[in-house]
>>> print(open('protein_22.csv').read())   # CSV, C-alpha atoms and all ligand atoms
chain,number,residue,atom,x,y,z
A,546,MET,CA,-19.1,78.0,46.0
A,547,LYS,CA,-16.4,79.6,43.8
A,548,LYS,CA,-14.2,77.3,41.7
A,549,VAL,CA,-10.6,78.4,41.4
A,550,LEU,CA,-7.6,77.0,39.5
A,551,VAL,CA,-4.1,77.7,40.8
A,552,THR,CA,-1.3,77.2,38.3
A,553,GLY,CA,2.3,76.8,39.3
A,554,ALA,CA,1.0,75.4,42.5
A,555,ASN,CA,4.3,73.9,43.8
A,556,GLY,CA,6.1,77.2,43.7
A,557,GLN,CA,6.5,79.5,46.7
A,558,LEU,CA,3.2,81.4,46.4
A,559,GLY,CA,1.4,78.3,45.3
A,560,GLN,CA,2.4,76.5,48.5
A,561,CYS,CA,1.4,79.5,50.6
A,562,LEU,CA,-2.1,79.3,49.0
A,563,GLN,CA,-2.2,75.5,49.5
A,564,LYS,CA,-1.6,76.1,53.2
A,565,ILE,CA,-4.5,78.5,53.8
A,566,THR,CA,-7.2,77.7,51.3
A,567,PRO,CA,-8.5,74.5,53.0
A,568,SER,CA,-10.0,76.7,55.8
A,569,TYR,CA,-12.1,78.7,53.3
A,570,LYS,CA,-15.2,76.5,52.8
A,571,GLU,CA,-16.7,78.9,50.2
A,572,LEU,CA,-13.8,78.1,47.8
A,573,ASN,CA,-13.1,75.0,45.8
A,574,VAL,CA,-9.5,75.4,44.8
A,575,ILE,CA,-7.8,73.1,42.3
A,576,PHE,CA,-4.0,73.2,42.5
A,577,LYS,CA,-2.0,72.2,39.4
A,578,SER,CA,1.8,71.9,39.5
A,579,SER,CA,3.9,72.6,36.4
A,580,LYS,CA,4.0,68.8,35.7
A,581,GLU,CA,0.2,68.6,35.9
A,582,LEU,CA,-0.5,71.7,33.9
A,583,ASP,CA,2.2,73.4,31.7
A,584,ILE,CA,1.0,76.9,30.8
A,585,THR,CA,3.0,76.7,27.6
A,586,ASP,CA,0.9,73.7,26.4
A,587,ILE,CA,-2.2,75.2,24.8
A,588,LEU,CA,-4.0,71.8,24.4
A,589,GLY,CA,-3.3,70.9,28.0
A,590,ILE,CA,-4.7,74.2,29.3
A,591,GLU,CA,-7.8,73.8,27.0
A,592,GLU,CA,-8.4,70.3,28.4
A,593,ALA,CA,-8.2,71.6,32.0
A,594,PHE,CA,-10.6,74.5,31.3
A,595,VAL,CA,-13.1,72.5,29.3
A,596,LYS,CA,-13.7,70.2,32.3
A,597,GLY,CA,-13.0,72.9,34.9
A,598,ASN,CA,-15.8,75.5,35.0
A,599,PHE,CA,-13.5,77.8,36.9
A,600,ASN,CA,-14.7,81.2,38.1
A,601,TYR,CA,-11.1,82.3,38.8
A,602,CYS,CA,-7.6,81.3,37.7
A,603,ILE,CA,-4.7,82.5,39.9
A,604,ASN,CA,-1.6,82.3,37.9
A,605,CYS,CA,1.4,81.5,40.1
A,606,ALA,CA,3.3,79.9,37.3
A,607,ALA,CA,6.4,81.8,36.2
A,608,TYR,CA,10.0,81.6,35.3
A,609,THR,CA,11.6,83.4,38.2
A,610,ASN,CA,15.3,82.7,37.9
A,611,VAL,CA,16.5,86.3,37.2
A,612,GLU,CA,20.1,85.4,36.5
A,613,GLN,CA,19.3,82.5,34.2
A,614,ALA,CA,16.6,84.5,32.4
A,615,GLU,CA,19.4,86.9,31.3
A,616,LYS,CA,21.5,84.1,29.9
A,617,THR,CA,18.7,82.1,28.3
A,618,PRO,CA,15.9,84.6,27.8
A,619,ASP,CA,13.8,82.3,25.5
A,620,ILE,CA,12.6,80.1,28.3
A,621,ALA,CA,11.6,83.2,30.4
A,622,TYR,CA,9.6,84.6,27.4
A,623,LYS,CA,8.1,81.2,26.7
A,624,VAL,CA,6.6,81.0,30.2
A,625,ASN,CA,6.2,84.6,31.4
A,626,ALA,CA,4.9,86.0,28.1
A,627,GLU,CA,3.6,83.2,25.8
A,628,GLY,CA,2.3,81.0,28.7
A,629,VAL,CA,0.5,83.9,30.1
A,630,LYS,CA,-1.0,84.7,26.7
A,631,ASN,CA,-2.3,81.2,26.5
A,632,LEU,CA,-3.9,81.5,29.9
A,633,ALA,CA,-5.5,84.9,29.0
A,634,ASN,CA,-7.0,83.4,25.8
A,635,VAL,CA,-8.5,80.4,27.5
A,636,CYS,CA,-9.7,82.4,30.5
A,637,LYS,CA,-11.5,84.8,28.1
A,638,ARG,CA,-13.1,82.0,26.2
A,639,TYR,CA,-14.4,80.3,29.4
A,640,ASN,CA,-15.3,83.5,31.1
A,641,THR,CA,-12.8,82.9,33.9
A,642,THR,CA,-11.4,85.9,35.8
A,643,LEU,CA,-7.6,85.8,35.6
A,644,ILE,CA,-5.6,86.9,38.7
A,645,HIS,CA,-2.0,87.2,37.6
A,646,ILE,CA,1.1,88.0,39.6
A,647,SER,CA,3.7,90.4,38.3
A,648,THR,CA,6.8,92.1,39.6
A,649,ASP,CA,8.5,95.3,40.7
A,650,TYR,CA,11.2,94.4,38.1
A,651,VAL,CA,9.0,95.8,35.4
A,652,PHE,CA,10.3,99.2,36.5
A,653,ASP,CA,13.8,100.6,35.7
A,654,GLY,CA,14.5,101.8,39.2
A,655,GLU,CA,15.5,105.3,38.3
A,656,LYS,CA,12.7,107.1,40.1
A,657,ASP,CA,13.5,108.7,43.4
A,658,GLU,CA,10.1,107.9,44.9
A,659,PRO,CA,8.0,104.8,45.1
A,660,TYR,CA,6.4,103.5,41.9
A,661,THR,CA,2.7,103.7,41.6
A,662,VAL,CA,0.4,101.9,39.1
A,663,LYS,CA,0.4,105.1,37.1
A,664,ASP,CA,4.2,104.9,36.4
A,665,VAL,CA,5.2,103.6,33.0
A,666,PRO,CA,7.2,100.3,33.2
A,667,ASN,CA,10.6,100.2,31.6
A,668,PRO,CA,12.3,96.9,32.6
A,669,ILE,CA,16.1,96.7,32.5
A,670,ASN,CA,16.5,92.9,32.5
A,671,GLU,CA,15.1,89.9,30.6
A,672,TYR,CA,13.0,88.6,33.5
A,673,GLY,CA,11.3,92.0,33.9
A,674,LYS,CA,10.8,92.4,30.1
A,675,SER,CA,9.2,88.9,29.9
A,676,LYS,CA,6.9,89.7,32.8
A,677,LEU,CA,5.9,93.0,31.3
A,678,LEU,CA,5.0,91.3,28.0
A,679,GLY,CA,2.8,88.9,30.0
A,680,GLU,CA,1.0,91.9,31.5
A,681,LYS,CA,0.5,93.4,28.1
A,682,HIS,CA,-0.9,90.2,26.6
A,683,ILE,CA,-3.5,90.0,29.4
A,684,GLN,CA,-4.5,93.7,28.9
A,685,GLU,CA,-4.9,93.2,25.2
A,686,ILE,CA,-6.9,90.0,25.4
A,687,MET,CA,-9.0,90.3,28.5
A,688,ASP,CA,-11.5,92.6,30.3
A,689,ASN,CA,-11.8,90.4,33.4
A,690,TYR,CA,-8.4,90.4,34.9
A,691,CYS,CA,-6.4,91.6,37.9
A,692,ILE,CA,-2.6,92.0,37.6
A,693,ILE,CA,-1.0,92.3,41.0
A,694,ARG,CA,2.6,93.5,41.1
A,695,THR,CA,4.5,92.5,44.1
A,696,SER,CA,8.2,92.4,45.2
A,697,TRP,CA,10.9,90.5,46.9
A,698,LEU,CA,8.7,87.6,47.9
A,699,TYR,CA,9.9,85.4,50.7
A,700,SER,CA,8.5,82.6,52.8
A,701,GLU,CA,9.4,79.3,54.4
A,702,PHE,CA,8.9,77.6,51.0
A,703,GLY,CA,11.3,77.1,48.1
A,704,LYS,CA,14.4,79.1,47.3
A,705,ASN,CA,14.1,82.8,48.0
A,706,PHE,CA,16.4,85.4,49.6
A,707,TYR,CA,15.1,84.6,53.1
A,708,THR,CA,15.8,80.9,52.8
A,709,THR,CA,19.1,81.4,51.0
A,710,ILE,CA,20.4,83.8,53.7
A,711,LEU,CA,19.2,81.5,56.5
A,712,LYS,CA,20.8,78.4,54.9
A,713,LYS,CA,24.1,80.2,54.5
A,714,ALA,CA,24.0,81.6,58.0
A,715,LYS,CA,23.2,78.3,59.6
A,716,ALA,CA,26.1,76.7,57.7
A,717,GLY,CA,28.3,79.3,59.3
A,718,GLU,CA,29.1,81.2,56.1
A,719,ASN,CA,30.0,84.8,56.4
A,720,LEU,CA,27.6,87.0,54.3
A,721,SER,CA,28.3,89.7,51.9
A,722,VAL,CA,25.1,91.4,50.8
A,723,THR,CA,24.4,94.4,48.4
A,724,ASP,CA,23.0,97.6,49.7
A,725,GLU,CA,22.6,99.0,46.2
A,726,GLN,CA,18.9,98.1,45.8
A,727,LEU,CA,15.9,99.5,47.7
A,728,GLY,CA,12.6,97.5,47.7
A,729,CYS,CA,9.8,96.0,49.7
A,730,PRO,CA,10.3,92.5,51.0
A,731,THR,CA,6.9,90.9,51.0
A,732,ASN,CA,5.9,87.7,52.9
A,733,ALA,CA,4.3,85.4,50.3
A,734,ASN,CA,1.9,84.2,53.0
A,735,ASN,CA,0.5,87.8,53.3
A,736,LEU,CA,0.0,87.9,49.5
A,737,ALA,CA,-1.8,84.5,49.6
A,738,LEU,CA,-4.2,85.9,52.2
A,739,TYR,CA,-4.8,89.0,50.2
A,740,LEU,CA,-5.5,86.9,47.1
A,741,VAL,CA,-8.0,84.8,49.0
A,742,GLU,CA,-9.8,87.9,50.3
A,743,LYS,CA,-10.0,89.2,46.8
A,744,LEU,CA,-11.7,86.0,45.6
A,745,ILE,CA,-14.2,86.2,48.4
A,746,GLN,CA,-15.0,89.9,47.8
A,747,ASN,CA,-15.2,89.6,44.0
A,748,ASN,CA,-13.0,92.6,43.8
A,749,ASN,CA,-10.6,92.0,41.0
A,750,PHE,CA,-10.0,94.4,38.2
A,751,GLY,CA,-7.0,96.2,36.7
A,752,ILE,CA,-3.4,96.6,37.9
A,753,GLU,CA,-2.5,96.8,41.6
A,754,HIS,CA,0.6,96.9,43.7
A,755,PHE,CA,0.8,94.7,46.8
A,756,THR,CA,3.7,94.7,49.3
A,757,ASP,CA,4.2,94.5,53.1
A,758,ASP,CA,4.5,98.2,53.1
A,759,TYR,CA,8.0,98.8,54.3
A,760,SER,CA,11.1,99.3,52.3
A,761,CYS,CA,14.7,98.5,52.9
A,762,THR,CA,17.9,97.3,51.1
A,763,TRP,CA,18.8,93.6,50.7
A,764,PHE,CA,21.5,94.3,53.2
A,765,ASP,CA,19.0,95.6,55.8
A,766,PHE,CA,16.7,92.6,55.0
A,767,ALA,CA,19.6,90.1,55.6
A,768,LYS,CA,20.3,91.9,58.9
A,769,LYS,CA,16.7,91.5,59.9
A,770,ILE,CA,16.7,87.8,59.0
A,771,LEU,CA,19.8,87.2,61.2
A,772,ILE,CA,18.3,89.1,64.1
A,773,GLU,CA,15.0,87.2,63.8
A,774,HIS,CA,17.0,83.9,64.1
A,775,GLU,CA,19.4,85.2,66.8
A,776,LEU,CA,22.3,84.6,64.4
A,777,GLU,CA,23.6,88.2,64.3
A,778,LYS,CA,26.4,87.6,66.7
A,779,THR,CA,27.6,84.4,65.2
A,780,VAL,CA,27.6,85.3,61.5
A,781,GLN,CA,29.5,88.2,60.0
A,782,LEU,CA,27.4,90.3,57.6
A,783,ARG,CA,29.3,92.6,55.3
A,784,ARG,CA,27.8,95.4,53.2
A,785,ASP,CA,28.7,94.8,49.5
A,786,LYS,CA,28.8,97.4,46.8
A,787,ASN,CA,29.9,95.0,44.1
A,788,TYR,CA,28.0,91.8,44.7
A,789,ARG,CA,28.9,89.5,41.7
A,790,THR,CA,25.9,89.2,39.5
A,791,PHE,CA,25.3,88.9,35.8
A,792,VAL,CA,22.1,91.0,35.7
A,793,ARG,CA,21.1,94.6,36.2
A,794,ARG,CA,18.4,95.1,38.7
A,795,PRO,CA,16.4,98.2,39.5
A,796,VAL,CA,18.1,100.4,42.1
A,797,ASN,CA,14.7,101.5,43.5
A,798,SER,CA,11.7,99.2,43.1
A,799,VAL,CA,9.6,100.3,46.0
A,800,LEU,CA,6.0,99.9,45.1
A,801,LEU,CA,3.1,102.0,46.4
A,901,LIG,N1,9.8,85.4,44.0
A,901,LIG,C1,9.8,86.7,44.0
A,901,LIG,O1,10.6,87.4,44.7
A,901,LIG,C2,8.7,87.4,43.3
A,901,LIG,C3,7.8,86.8,42.5
A,901,LIG,N2,6.9,87.5,41.7
A,901,LIG,C4,6.0,86.8,40.9
A,901,LIG,O2,5.1,86.0,41.8
A,901,LIG,C5,4.7,84.8,41.1
A,901,LIG,C6,5.0,83.7,42.1
A,901,LIG,O3,6.4,83.6,42.3
A,901,LIG,P1,7.0,82.5,43.2
A,901,LIG,O4,6.0,81.6,43.8
A,901,LIG,O5,8.0,83.2,44.1
A,901,LIG,O6,7.9,81.7,42.1
A,901,LIG,P2,8.4,80.2,42.1
A,901,LIG,O7,9.6,80.2,41.2
A,901,LIG,O8,8.6,79.7,43.5
A,901,LIG,O9,7.2,79.4,41.5
A,901,LIG,C7,6.9,79.4,40.2
A,901,LIG,C8,6.2,78.1,39.8
A,901,LIG,O10,5.9,78.2,38.4
A,901,LIG,C9,6.1,76.9,37.9
A,901,LIG,N3,6.3,76.9,36.4
A,901,LIG,C10,7.4,77.3,35.7
A,901,LIG,N4,7.1,77.1,34.4
A,901,LIG,C11,5.9,76.7,34.3
A,901,LIG,C12,5.0,76.3,33.2
A,901,LIG,N5,5.5,76.4,32.0
A,901,LIG,N6,3.8,75.9,33.5
A,901,LIG,C13,3.3,75.8,34.7
A,901,LIG,N7,4.1,76.1,35.8
A,901,LIG,C14,5.3,76.6,35.6
A,901,LIG,C15,7.4,76.4,38.6
A,901,LIG,O11,7.4,75.0,38.5
A,901,LIG,P3,8.9,74.3,38.4
A,901,LIG,O12,9.5,74.5,39.7
A,901,LIG,O13,8.5,72.9,38.2
A,901,LIG,O14,9.6,74.9,37.2
A,901,LIG,C16,7.1,76.9,40.0
A,901,LIG,O15,6.5,75.9,40.7
A,901,LIG,C17,5.5,84.8,39.8
A,901,LIG,O16,4.6,85.3,38.8
A,901,LIG,C18,6.6,85.7,40.0
A,901,LIG,O17,7.0,86.3,38.8
A,901,LIG,C19,6.8,88.8,41.8
A,901,LIG,C20,7.6,89.5,42.6
A,901,LIG,C21,8.6,88.9,43.5
A,902,LIG,C1,22.1,85.5,48.1
A,902,LIG,C2,22.7,86.9,48.0
A,902,LIG,C3,22.1,87.8,47.1
A,902,LIG,N1,22.7,89.1,47.0
A,902,LIG,C4,22.1,90.1,46.2
A,902,LIG,C5,21.8,89.7,44.7
A,902,LIG,C6,20.6,90.5,44.4
A,902,LIG,O1,21.0,91.8,44.0
A,902,LIG,C7,19.8,90.6,45.7
A,902,LIG,C8,18.7,89.6,45.9
A,902,LIG,O2,19.1,88.3,45.5
A,902,LIG,P1,18.0,87.4,44.8
A,902,LIG,O3,18.8,86.3,44.2
A,902,LIG,O4,16.9,87.1,45.8
A,902,LIG,O5,17.5,88.4,43.7
A,902,LIG,P2,16.5,88.4,42.6
A,902,LIG,O6,16.4,87.1,42.1
A,902,LIG,O7,16.8,89.5,41.8
A,902,LIG,O8,15.1,88.7,43.4
A,902,LIG,C9,14.0,89.0,42.6
A,902,LIG,O9,13.3,87.9,42.2
A,902,LIG,C10,12.3,88.1,41.2
A,902,LIG,C11,11.6,86.8,40.9
A,902,LIG,C12,11.4,89.2,41.5
A,902,LIG,O10,10.3,89.3,41.0
A,902,LIG,C13,11.9,90.4,42.4
A,902,LIG,O11,10.9,91.0,43.1
A,902,LIG,C14,13.0,90.0,43.3
A,902,LIG,O12,12.5,89.3,44.4
A,902,LIG,O13,20.8,90.3,46.7
A,902,LIG,C15,23.8,89.4,47.8
A,902,LIG,O14,24.2,90.6,47.7
A,902,LIG,N2,24.3,88.5,48.6
A,902,LIG,C16,23.9,87.3,48.8
A,902,LIG,O15,24.4,86.4,49.6
>>> encode(input="protein_22.csv", output="structure tokens")
Amino acid sequence: MKKVLVTGANGQLGQCLQKITPSYKELNVIFKSSKELDITDILGIEEAFVKGNFNYCINCAAYTNVEQAEKTPDIAYKVNAEGVKNLANVCKRYNTTLIHISTDYVFDGEKDEPYTVKDVPNPINEYGKSKLLGEKHIQEIMDNYCIIRTSWLYSEFGKNFYTTILKKAKAGENLSVTDEQLGCPTNANNLALYLVEKLIQNNNFGIEHFTDDYSCTWFDFAKKILIEHELEKTVQLRRDKNYRTFVRRPVNSVLL
């Protein structure tokens, strides 16, 4: 039986993991929400690990509000860099393998081709910079880790592009969506399945990229969402070249 701690358990990916792990009898998974375990609280983490005997920690905890991170970067760095550093230190001490989730936004988006794990990150916004610092802390501190970069996560849980577009469309709002970014929408349920398979196979080292293997623009993705819900005839979807946003985002963040 493998004992696994999941941090940030009430977020999107955490909830996808909560949905599937009960059917894996070889895993004993302990889920901790931000209220139950704050990764910026060193003593709290220590207390969880001293009692825990965890073989693995899957870190789903993060500050993911890209717009707000640009306005108040301190909170993003506190969670995405310092919080991750805390986890890396404690995982090392208790011989726990850390599986950490990172993002396509560590890249600057200027490449004409998909980004591989060999490409050098160069984030262009505070969220991406804070996530890259988290990656670096893990690499400096640990040997037993897996950093999985993914992109454009969506699911039925929480606030993400999919649920936002659907909510707007169902409320009858006309949509205006940027076609200025290219990336890989990834169903968080698929990532959850991949993570569980990794735990079972004990196959967990270094940096990886995981996506659903097709790329499109946010505009294309919005169109797909409308079609899936048979809303394409009732809602007007407009291509937007100047969607109002405070933050620079990578133009191409397709991961290979
Ligand atoms: N969403 C996306 O499109 C993508 C996400 N990722 C990465 O995937 C991972 C999972 O993302 P996702 O599930 O979508 O994100 P969510 O924002 O849905 O979930 C993140 C969770 O982390 C929790 N959290 C925030 N601060 C802390 C803290 N100090 N201690 C413990 N928990 C905390 C949040 O709790 P609370 O709500 O209470 O603040 C929330 O439940 C993250 O690392 C993210 O960077 C990568 C690529 C794309
Ligand atoms: C809701 C909406 C967004 N947009 C634009 C804004 C943005 O450029 C893009 C996507 O919107 P979002 O708010 O989902 O963008 P964003 O928060 O940048 O999404 C990112 O989140 C972080 C956590 C990641 O790690 C990334 O992989 C990526 O998923 O679409 C529109 O053009 N029209 C709309 O109606």
>>> closest_residue(input="protein_22.csv", among="A:Asn749, A:Glu685, A:Ile770, A:Tyr672", to="ligand LIG 902 (chain A)", atoms="only C-alpha atoms and all ligand atoms")
A:Tyr672
>>> closest_residue(input="protein_22.csv", among="A:Asn631, A:Ser675, A:Gln781, A:Ser721", to="ligand LIG 902 (chain A)", atoms="only C-alpha atoms and all ligand atoms")
A:Ser721
>>> closest_atom_pairs(input="protein_22.csv", of="chain A", to="ligand LIG 901 (chain A)", cutoff="9 Å", atoms="all atoms listed in the file", output="Markdown table")
| residue | atom | partner | partner_atom | distance |
| --- | --- | --- | --- | --- |
| A:Thr552 | CA | A:LIG901 | C13 | 6.0 |
| A:Gly553 | CA | A:LIG901 | O10 | 4.0 |
| A:Ala554 | CA | A:LIG901 | O15 | 5.8 |
| A:Asn555 | CA | A:LIG901 | O15 | 4.3 |
| A:Gly556 | CA | A:LIG901 | O15 | 3.3 |
| A:Gln557 | CA | A:LIG901 | O4 | 3.6 |
| A:Leu558 | CA | A:LIG901 | O4 | 3.8 |
| A:Gly559 | CA | A:LIG901 | O4 | 5.9 |
| A:Gln560 | CA | A:LIG901 | O4 | 7.8 |
| A:Cys561 | CA | A:LIG901 | O4 | 8.5 |
| A:Lys577 | CA | A:LIG901 | C13 | 7.9 |
| A:Ser578 | CA | A:LIG901 | N7 | 6.1 |
| A:Ser579 | CA | A:LIG901 | N7 | 3.6 |
| A:Lys580 | CA | A:LIG901 | O13 | 6.6 |
| A:Glu581 | CA | A:LIG901 | C13 | 7.9 |
| A:Leu582 | CA | A:LIG901 | C13 | 5.6 |
| A:Asp583 | CA | A:LIG901 | N6 | 3.5 |
| A:Ile584 | CA | A:LIG901 | N6 | 4.0 |
| A:Thr585 | CA | A:LIG901 | N5 | 5.1 |
| A:Asp586 | CA | A:LIG901 | N5 | 7.7 |
| A:Asn604 | CA | A:LIG901 | O16 | 6.9 |
| A:Cys605 | CA | A:LIG901 | C6 | 4.7 |
| A:Ala606 | CA | A:LIG901 | O10 | 3.3 |
| A:Ala607 | CA | A:LIG901 | O10 | 4.2 |
| A:Tyr608 | CA | A:LIG901 | C10 | 5.0 |
| A:Thr609 | CA | A:LIG901 | O7 | 4.8 |
| A:Asn610 | CA | A:LIG901 | O7 | 7.0 |
| A:Ile620 | CA | A:LIG901 | N4 | 8.7 |
| A:Ala621 | CA | A:LIG901 | N4 | 8.6 |
| A:Lys623 | CA | A:LIG901 | N5 | 7.6 |
| A:Val624 | CA | A:LIG901 | N5 | 5.1 |
| A:Asn625 | CA | A:LIG901 | O16 | 7.6 |
| A:Gly628 | CA | A:LIG901 | N5 | 6.5 |
| A:His645 | CA | A:LIG901 | O16 | 7.0 |
| A:Ile646 | CA | A:LIG901 | O16 | 4.5 |
| A:Ser647 | CA | A:LIG901 | C19 | 4.9 |
| A:Thr648 | CA | A:LIG901 | C19 | 4.0 |
| A:Asp649 | CA | A:LIG901 | C20 | 6.2 |
| A:Tyr650 | CA | A:LIG901 | C20 | 7.6 |
| A:Tyr672 | CA | A:LIG901 | O17 | 8.3 |
| A:Gly673 | CA | A:LIG901 | O17 | 8.7 |
| A:Lys676 | CA | A:LIG901 | O17 | 6.9 |
| A:Ile693 | CA | A:LIG901 | C19 | 8.6 |
| A:Arg694 | CA | A:LIG901 | C19 | 6.3 |
| A:Thr695 | CA | A:LIG901 | C20 | 4.6 |
| A:Ser696 | CA | A:LIG901 | C21 | 3.9 |
| A:Trp697 | CA | A:LIG901 | O1 | 3.8 |
| A:Leu698 | CA | A:LIG901 | O1 | 3.7 |
| A:Tyr699 | CA | A:LIG901 | O1 | 6.4 |
| A:Ser700 | CA | A:LIG901 | O5 | 8.7 |
| A:Phe702 | CA | A:LIG901 | O8 | 7.8 |
| A:Gly703 | CA | A:LIG901 | O8 | 5.9 |
| A:Lys704 | CA | A:LIG901 | O8 | 7.0 |
| A:Asn705 | CA | A:LIG901 | N1 | 6.4 |
| A:Phe706 | CA | A:LIG901 | O1 | 7.9 |
| A:Pro730 | CA | A:LIG901 | O1 | 8.1 |
| A:Thr731 | CA | A:LIG901 | C21 | 7.9 |
| A:Ala733 | CA | A:LIG901 | O5 | 7.5 |
>>> atom_distance(input="protein_22.csv", atom1="CA of Gln613 (chain A)", atom2="CA of Val792 (chain A)")
9.1 Å
>>> residues_near_point(input="protein_22.csv", point="(-11.9, 85.2, 39.0)", cutoff="6 Å", atoms="all atoms listed in the file", output="PyMOL selection string")
chain A and resi 600-602+641-643
>>> atom_distance(input="protein_22.csv", atom1="CA of Val722 (chain A)", atom2="CA of Leu677 (chain A)")
27.4 Å
>>> residues_around(input="protein_22.csv", residues="Arg783 (chain A)", least_positions_apart="5", cutoff="12 Å", atoms="all atoms listed in the file", output="ChimeraX atom specification")
/A:718-724,763-765,767-768,777,788
>>> atom_distance(input="protein_22.csv", atom1="CA of Leu711 (chain A)", atom2="CA of Asp785 (chain A)")
17.8 Å
>>> residues_around(input="protein_22.csv", residues="Phe594 (chain A)", least_positions_apart="6", cutoff="9 Å", atoms="only C-alpha atoms", output="number ranges by chain")
A: 635-636, 639
>>> closest_residue(input="protein_22.csv", among="A:Ala626, A:Arg638, A:Glu742, A:Asp619", to="Val595 (chain A)", atoms="only C-alpha atoms")
A:Arg638
>>> closest_residue(input="protein_22.csv", among="A:Ile710, A:Leu588, A:Leu632, A:Leu800", to="ligand LIG 902 (chain A)", atoms="only C-alpha atoms and all ligand atoms")
A:Ile710
>>> closest_residue(input="protein_22.csv", among="A:Ala716, A:Leu776, A:Leu771, A:Val799", to="Phe755 (chain A)", atoms="all atoms listed in the file")
A:Val799
>>> closest_residue(input="protein_22.csv", among="A:Ser798, A:Pro668, A:Asn734, A:Ile752", to="Gln563 (chain A)", atoms="all atoms listed in the file")
A:Asn734
>>> residues_around(input="protein_22.csv", residues="Leu572 (chain A)", least_positions_apart="6", cutoff="7 Å", atoms="all atoms listed in the file", output="PyMOL selection string")
chain A and resi 546-548
>>> residues_around(input="protein_22.csv", residues="Asn735 (chain A)", least_positions_apart="5", cutoff="9 Å", atoms="all atoms listed in the file", output="MDAnalysis selection string")
chainID A and resid 561 740 756:757
>>> build_atoms(input="protein_22.csv", residues="region 737-753 of chain A", atoms="N, CA and C atoms", output="PDB file, keeping the file's coordinate frame")
ATOM      1  N   ALA A 737      -0.772  85.632  49.761  1.00  0.00           N
ATOM      2  CA  ALA A 737      -1.800  84.500  49.600  1.00  0.00           C
ATOM      3  C   ALA A 737      -3.072  84.929  50.303  1.00  0.00           C
ATOM      4  N   LEU A 738      -2.966  85.477  51.506  1.00  0.00           N
ATOM      5  CA  LEU A 738      -4.200  85.900  52.200  1.00  0.00           C
ATOM      6  C   LEU A 738      -4.925  86.984  51.482  1.00  0.00           C
ATOM      7  N   TYR A 739      -4.168  87.922  50.933  1.00  0.00           N
ATOM      8  CA  TYR A 739      -4.800  89.000  50.200  1.00  0.00           C
ATOM      9  C   TYR A 739      -5.515  88.463  48.942  1.00  0.00           C
ATOM     10  N   LEU A 740      -4.901  87.497  48.279  1.00  0.00           N
ATOM     11  CA  LEU A 740      -5.500  86.900  47.100  1.00  0.00           C
ATOM     12  C   LEU A 740      -6.843  86.217  47.449  1.00  0.00           C
ATOM     13  N   VAL A 741      -6.829  85.489  48.544  1.00  0.00           N
ATOM     14  CA  VAL A 741      -8.000  84.800  49.000  1.00  0.00           C
ATOM     15  C   VAL A 741      -9.146  85.770  49.305  1.00  0.00           C
ATOM     16  N   GLU A 742      -8.781  86.848  49.987  1.00  0.00           N
ATOM     17  CA  GLU A 742      -9.800  87.900  50.300  1.00  0.00           C
ATOM     18  C   GLU A 742     -10.373  88.478  49.040  1.00  0.00           C
ATOM     19  N   LYS A 743      -9.539  88.666  48.041  1.00  0.00           N
ATOM     20  CA  LYS A 743     -10.000  89.200  46.800  1.00  0.00           C
ATOM     21  C   LYS A 743     -11.040  88.284  46.125  1.00  0.00           C
ATOM     22  N   LEU A 744     -10.741  86.994  46.190  1.00  0.00           N
ATOM     23  CA  LEU A 744     -11.700  86.000  45.600  1.00  0.00           C
ATOM     24  C   LEU A 744     -13.015  86.101  46.300  1.00  0.00           C
ATOM     25  N   ILE A 745     -12.974  86.204  47.619  1.00  0.00           N
ATOM     26  CA  ILE A 745     -14.200  86.200  48.400  1.00  0.00           C
ATOM     27  C   ILE A 745     -15.013  87.482  48.134  1.00  0.00           C
ATOM     28  N   GLN A 746     -14.286  88.591  48.009  1.00  0.00           N
ATOM     29  CA  GLN A 746     -15.000  89.900  47.800  1.00  0.00           C
ATOM     30  C   GLN A 746     -15.335  90.193  46.369  1.00  0.00           C
ATOM     31  N   ASN A 747     -14.904  89.346  45.445  1.00  0.00           N
ATOM     32  CA  ASN A 747     -15.200  89.600  44.000  1.00  0.00           C
ATOM     33  C   ASN A 747     -14.657  90.971  43.584  1.00  0.00           C
ATOM     34  N   ASN A 748     -13.456  91.285  43.987  1.00  0.00           N
ATOM     35  CA  ASN A 748     -13.000  92.600  43.800  1.00  0.00           C
ATOM     36  C   ASN A 748     -11.689  92.572  43.029  1.00  0.00           C
ATOM     37  N   ASN A 749     -11.797  92.497  41.705  1.00  0.00           N
ATOM     38  CA  ASN A 749     -10.600  92.000  41.000  1.00  0.00           C
ATOM     39  C   ASN A 749     -10.286  92.684  39.642  1.00  0.00           C
ATOM     40  N   PHE A 750     -10.248  93.948  39.529  1.00  0.00           N
ATOM     41  CA  PHE A 750     -10.000  94.400  38.200  1.00  0.00           C
ATOM     42  C   PHE A 750      -8.802  95.408  38.051  1.00  0.00           C
ATOM     43  N   GLY A 751      -8.057  95.286  36.952  1.00  0.00           N
ATOM     44  CA  GLY A 751      -7.000  96.200  36.700  1.00  0.00           C
ATOM     45  C   GLY A 751      -5.645  95.840  37.263  1.00  0.00           C
ATOM     46  N   ILE A 752      -4.773  96.851  37.373  1.00  0.00           N
ATOM     47  CA  ILE A 752      -3.400  96.600  37.900  1.00  0.00           C
ATOM     48  C   ILE A 752      -3.343  97.138  39.335  1.00  0.00           C
ATOM     49  N   GLU A 753      -2.696  96.377  40.192  1.00  0.00           N
ATOM     50  CA  GLU A 753      -2.500  96.800  41.600  1.00  0.00           C
ATOM     51  C   GLU A 753      -1.077  96.543  42.020  1.00  0.00           C
TER      52      GLU A 753
END
